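Undergrad: One structure coming up, written as structure tokens, with questions to follow.
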Amino acid sequence: MKTPLAVVLLLTLATLLFPIVAGYAPRQGDSFSYYETQKLGSGTGDYAGYSEQNIVNGTERVNGVDGNGIVSASYSYVWSWSNSTGNTETGTRLGNYIFSSTTFLYVNGTDDQNGYVNPTVWFAMDGSIPDGGTFNLLNTEMTVTSSNYSYYLPSQNRNVQAISTHGLSSYQRNDQYGTFTAAYTWNAYFDPSTGYIIGYDYVEQDTNPSGDGFTYTDNLYVTSTSYQLTGAAATSSTQNTTNINITDFASSIYTQYAGYIAVAALILIALSILIYASSRRRATLPQHPYHQEAPPIHLTPEQPQQIVIKEVVRVNCRYCAELIDSTARECPRCGAPRT
């Protein structure tokens, strides 16, 4: 019996409108480019007044997929780093690696991910995981918070459909920044049709018992994709609405208080110059700070000790010739009186 044409058309339409995400496998030519901003600031202790920023522009690309789901991929990125003391650095990194499209684990090499133990890729997930389900990004367990999330994508100035996920954990940092307890939260957003990354927001707080610490943030969003992202309705907190409201409000305030704003601007400029001049006193990012051990604490002061030396004269016993102290009353040997 032949399947009616109407049924075939309905099934085809359903497939187009509701792709079977669980069946999606990476394909040769899949790629995305991204813009990433990493910042360190809000320092305390040795890090008070210090900040740094790193801007990354990168691309991930699938070069081939074999029959077992092993994906050959490549990465490349350029970075530009600067800090509040005026130091700057730039560089480029690129390379090849292999990962599994079924487990999402790196199989051979990584896209420059260091310090992780048997990590999964950071840029892809199984899009069929339901709300409340979990999976791993690198070494962090993530939970799906919504399969129908409206994510504002700055590079396209619009909202797109996304899977929103959330993770939080902590670890011990021990590197050029120092030794800290680092607690973080990670919100990541993925394309429902492919499971590839759309963007993420990472916030980490580092502290130690000495009062040193800082906040580290890492924000990323895609700037181009080889796959089509689906538009979504804007929410009340989208970037467009916020921009319009801020613009109208600023225009109104400026019209009424232009003179006060000018004075405030001059004060802010002067403060900025002072802060910048102060921050330049730090030559480099502090490494492990050296803390000299304090001397032992005594609850009571130590008193000087006085040593008395007494000289004792000895004489011979007149009866047995035994040497006895001149102060003795009798001889300890024969018992005769000293005198």
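Each chain of the structure tokens is named A, B, ... in the order shown, its residues numbered from 1; ligands are numbered from 1 in display order.
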Dump as JSON lines the rows for residues of range 78-167 of chain A within 10 Å of range 29-40 of chain A: closest atom pair and distance in Å with one decimal, only C-alpha atoms counted, ordered by chain and rising residue number.
TA:
```
{"residue": "A:Trp79", "atom": "CA", "partner": "A:Glu36", "partner_atom": "CA", "distance": 9.3}
{"residue": "A:Ser80", "atom": "CA", "partner": "A:Thr37", "partner_atom": "CA", "distance": 9.9}
{"residue": "A:Trp81", "atom": "CA", "partner": "A:Gln38", "partner_atom": "CA", "distance": 9.1}
{"residue": "A:Ser82", "atom": "CA", "partner": "A:Lys39", "partner_atom": "CA", "distance": 9.8}
{"residue": "A:Asn83", "atom": "CA", "partner": "A:Leu40", "partner_atom": "CA", "distance": 8.9}
{"residue": "A:Phe123", "atom": "CA", "partner": "A:Phe32", "partner_atom": "CA", "distance": 9.8}
{"residue": "A:Ser155", "atom": "CA", "partner": "A:Tyr35", "partner_atom": "CA", "distance": 8.9}
```
Undergrad: Considering only C-alpha atoms, return as an mmCIF file with C-alpha atoms, in the first residue's frame whatever protein or nucleic-acid residues lie within 10 Å of range 221-234 of chain A, sequence-local ones (same chain, fewer than 4 positions apart) excluded.
TA:
```
data_model
loop_
_atom_site.group_PDB
_atom_site.id
_atom_site.type_symbol
_atom_site.label_atom_id
_atom_site.label_comp_id
_atom_site.auth_asym_id
_atom_site.auth_seq_id
_atom_site.Cartn_x
_atom_site.Cartn_y
_atom_site.Cartn_z
ATOM 1 C CA GLY A 29 32.405 22.371 6.413
ATOM 2 C CA ASP A 30 30.568 23.137 9.674
ATOM 3 C CA SER A 31 32.174 26.214 11.165
ATOM 4 C CA PHE A 32 31.643 29.247 13.307
ATOM 5 C CA SER A 33 33.614 32.349 14.200
ATOM 6 C CA TYR A 34 33.431 34.060 17.561
ATOM 7 C CA TYR A 35 34.339 37.174 19.518
ATOM 8 C CA GLU A 36 35.537 36.707 23.106
ATOM 9 C CA THR A 37 36.340 39.175 25.895
ATOM 10 C CA ASN A 57 38.737 36.537 17.561
ATOM 11 C CA GLY A 58 38.644 32.881 16.585
ATOM 12 C CA THR A 59 37.224 30.213 14.271
ATOM 13 C CA GLU A 60 36.413 26.511 14.723
ATOM 14 C CA ARG A 61 35.975 24.327 11.622
ATOM 15 C CA ASN A 148 13.216 27.359 24.143
ATOM 16 C CA TYR A 149 15.274 30.367 25.183
ATOM 17 C CA SER A 150 15.400 33.732 23.397
ATOM 18 C CA TYR A 151 19.075 34.772 23.288
ATOM 19 C CA TYR A 152 20.156 38.234 22.176
ATOM 20 C CA LEU A 153 23.033 37.842 19.698
ATOM 21 C CA PRO A 154 25.032 41.114 19.505
ATOM 22 C CA SER A 155 26.686 40.278 16.179
ATOM 23 C CA GLN A 156 23.275 40.024 14.465
ATOM 24 C CA ARG A 158 18.558 40.252 17.126
ATOM 25 C CA ASN A 159 17.256 37.440 19.300
ATOM 26 C CA VAL A 160 17.705 33.821 18.226
ATOM 27 C CA GLN A 161 16.326 30.537 19.509
ATOM 28 C CA ALA A 162 18.668 28.808 21.918
ATOM 29 C CA ALA A 188 26.085 28.786 27.900
ATOM 30 C CA TYR A 189 23.653 28.950 24.953
ATOM 31 C CA ASP A 191 21.675 26.307 18.663
ATOM 32 C CA PRO A 192 18.750 23.838 19.028
ATOM 33 C CA SER A 193 19.079 22.504 15.459
ATOM 34 C CA THR A 194 22.794 21.611 15.590
ATOM 35 C CA TYR A 196 26.708 24.211 18.387
ATOM 36 C CA ILE A 197 27.537 27.127 20.672
ATOM 37 C CA ILE A 198 25.905 30.539 20.221
ATOM 38 C CA GLY A 199 27.395 32.308 23.223
ATOM 39 C CA TYR A 200 28.320 32.066 26.889
ATOM 40 C CA ASP A 201 28.914 34.161 30.023
ATOM 41 C CA THR A 238 16.680 42.748 25.094
ATOM 42 C CA GLN A 239 19.486 44.989 24.007
ATOM 43 C CA ASN A 240 17.371 46.960 21.514
ATOM 44 C CA THR A 241 14.774 48.001 24.060
#
```
Undergrad: Env of range 168-172 of chain A: 9 Å cut, atoms = only C-alpha atoms, seq-sep filter 5 positions within chain, self excluded. Answer as a PyMOL selection string.
TA: chain A and resi 140-142+179-187+204
Undergrad: I'd like to know which of A:Thr165, A:Ser210, A:Asn54, A:Ser72 is closest to Ser147 in chain A, using only C-alpha atoms.
TA: A:Thr165
Undergrad: For Asn68 in chain A, which residue among A:Gln176, A:Ser100, A:Gln205, A:Thr143 is the nearest when counting only C-alpha atoms?
TA: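 Between A:Gln176, A:Ser100, A:Gln205, A:Thr143, the residue approaching Asn68 in chain A most closely is A:Ser100.
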